[in-house]
Amino acid sequence: MGLSSIFGGSAPSQQQTVNPGSNTMPSGGVTDKVKSQISQELAVANATELVNKVTENCFEKCLNSPYTDRNEPCVDQCLIKYMRSWNIVSKAYISRIQQASTSGEI
């Protein structure tokens with residue numbers, strides 16, 4: 001299981017390619033393929049940002065000196081809090097986007 005499948009994308013083996021020289025439209029159309037690719041790229045970008053922010057915030061906070069076993073609880077707690085916060089914010093953001101989409105604002 002790759003990162004893209006964890007963060008909302010599909011595995012590369014599940015992706016379909018479109019032959020540019022083909023005159024027939026694949027099922028779902030080009031628009032759906034583009035939307036899917038954008039969704040996958042956003043998922044990877046979000047995962048990358050999450051890792052960068054966790055590294056920046058938790059490790060800089062907890063690892064003021066060379067790594068010791070005493071640092072582990074701080075890092076663990078920070079990661080748990082950060083991931084919980086990230087999930088809450090992400091769910092609220094997705095909910096607002098969906099509401100705006102259904103009301104025609106987007």
# chains A, B, ... in the order shown; residues from 1 in each chain; ligands from 1
>>> residues_around(residues="region 50-63 of chain A", least_positions_apart="4", cutoff="7 Å", atoms="only C-alpha atoms", output="ChimeraX atom specification")
/A:46,67,71,74-75,78-79,82
>>> atom_distance(atom1="CA of Glu72 (chain A)", atom2="CA of Ser85 (chain A)")
19.8 Å
>>> atom_distance(atom1="CA of Asn64 (chain A)", atom2="CA of Met83 (chain A)")
21.5 Å
